[in-house]
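The structure appears below as structure tokens.
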Amino acid sequence: MVIFMVYREETRIKNKNEICMVKFNDEIICVDPAIPLMAILGKKYSMLILSVLEQNNIKRNFNEILKHIPYSSTTIISKRLKDLEYLNLIKKINSTDGIYYNLTDYGSKIIKSLYGFFKAVE
């Protein structure tokens with residue numbers, strides 16, 4: 001199984017110029033660098049967490065984030081926060097009055113770029 005996965009990854013990298021290109025407004029864009037980001041954004045609650053943190057651009061603690069996402073669980077929100085922090089979309093702030101989360105500039109850029117997507121599917 002591992003050999004097959006390594007082969008697939010090597011093939012993907014080798015054929016990158018042929019398979020990762022998307023034409024957008026007469027511009028050719030390689031989507032390959034966005035694959036890790038798309039994998040995290042596609043996970044349950046990732047975009048909701050970014051949206052919660054984007055509202056009024058204020059830092060929020062874990063319980064505030066959890067409260068704004070109905071039917072979520074502490075376990076999955078905790079996992080998503082770690083994923084989003086790993087990709088530098090959010091930052092964890094340790095202060096004397098607790099732990100808070102805030103969007104990074106990159107995270108803010110990403111969530112704002114998704115507005116068109118949200119409007120298209122409403």
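A note on labels: chains of the structure tokens are A, B, ... as shown, every chain counts residues from 1, and ligands are counted from 1 in their shown order.
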
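If you count only C-alpha atoms and ignore residues fewer than 4 places along the chain from Leu50 (chain A), what sits within 10 Å of it is Leu41, Tyr45, Ser46, Glu54, Gln55, Ile65, Leu81, Leu84, Leu89, Ile90, Asn102, Leu103, Gly107, Ser108, Ile110, Ile111 and Lys112 of chain A.
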
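Nearest residue to Lys82 (chain A), choosing from A:Ile28, A:Asp105, A:Phe62, A:Lys67 and counting only C-alpha atoms: A:Phe62.
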
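Take the candidates A:Phe118, A:Asn61, A:Ser51, A:Thr104 and check each one against Tyr86 (chain A) using only C-alpha atoms; the shortest distance goes to A:Thr104.
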
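Minimum atom-to-atom distance to Ser72 (chain A), evaluated using only C-alpha atoms, belongs to A:Lys44 out of A:Lys44, A:Lys23, A:Ile99, A:Ile93.
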
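Assigned to strand (DSSP E or B) in chain A, given DSSP computed from backbone atoms, are Met21, Val22, Lys23, Phe24, Glu27, Ile28, Ile29, Cys30, Arg60, Asn61, Ile90, Lys91, Lys92, Ile93, Asn94, Ser95, Gly98, Ile99, Tyr100, Tyr101, Asn102 and Leu103 of chain A.
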
List every residue of chain A that DSSP, applied to the backbone, labels as helix (DSSP H, G or I), and write the result as JSON, numbers by chain.
-> {"A": [2, 3, 4, 5, 6, 7, 8, 9, 10, 11, 12, 13, 14, 16, 17, 18, 19, 32, 33, 34, 35, 36, 37, 38, 39, 40, 41, 46, 47, 48, 49, 50, 51, 52, 53, 54, 55, 56, 57, 62, 63, 64, 65, 66, 67, 74, 75, 76, 77, 78, 79, 80, 81, 82, 83, 84, 85, 86, 105, 106, 107, 108, 109, 110, 111, 112, 113, 115, 116, 117, 118, 119, 120, 121]}

Pick from A:Thr75, A:Ala120, A:His68, A:Lys59 nearest to Lys91 (chain A), counting only C-alpha atoms | A:Lys59

What is the CA of Ser73 (chain A) to CA of Ser113 (chain A) distance in Å?
-> 27.0 Å

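With CA of Leu87 (chain A) on one side and CA of Ile40 (chain A) on the other, the separation reads 8.6 Å.
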
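Nearest to Gly42 (chain A) of all the residues A:Lys109, A:Lys92, A:Lys119, A:Arg80 is A:Arg80, based on only C-alpha atoms.
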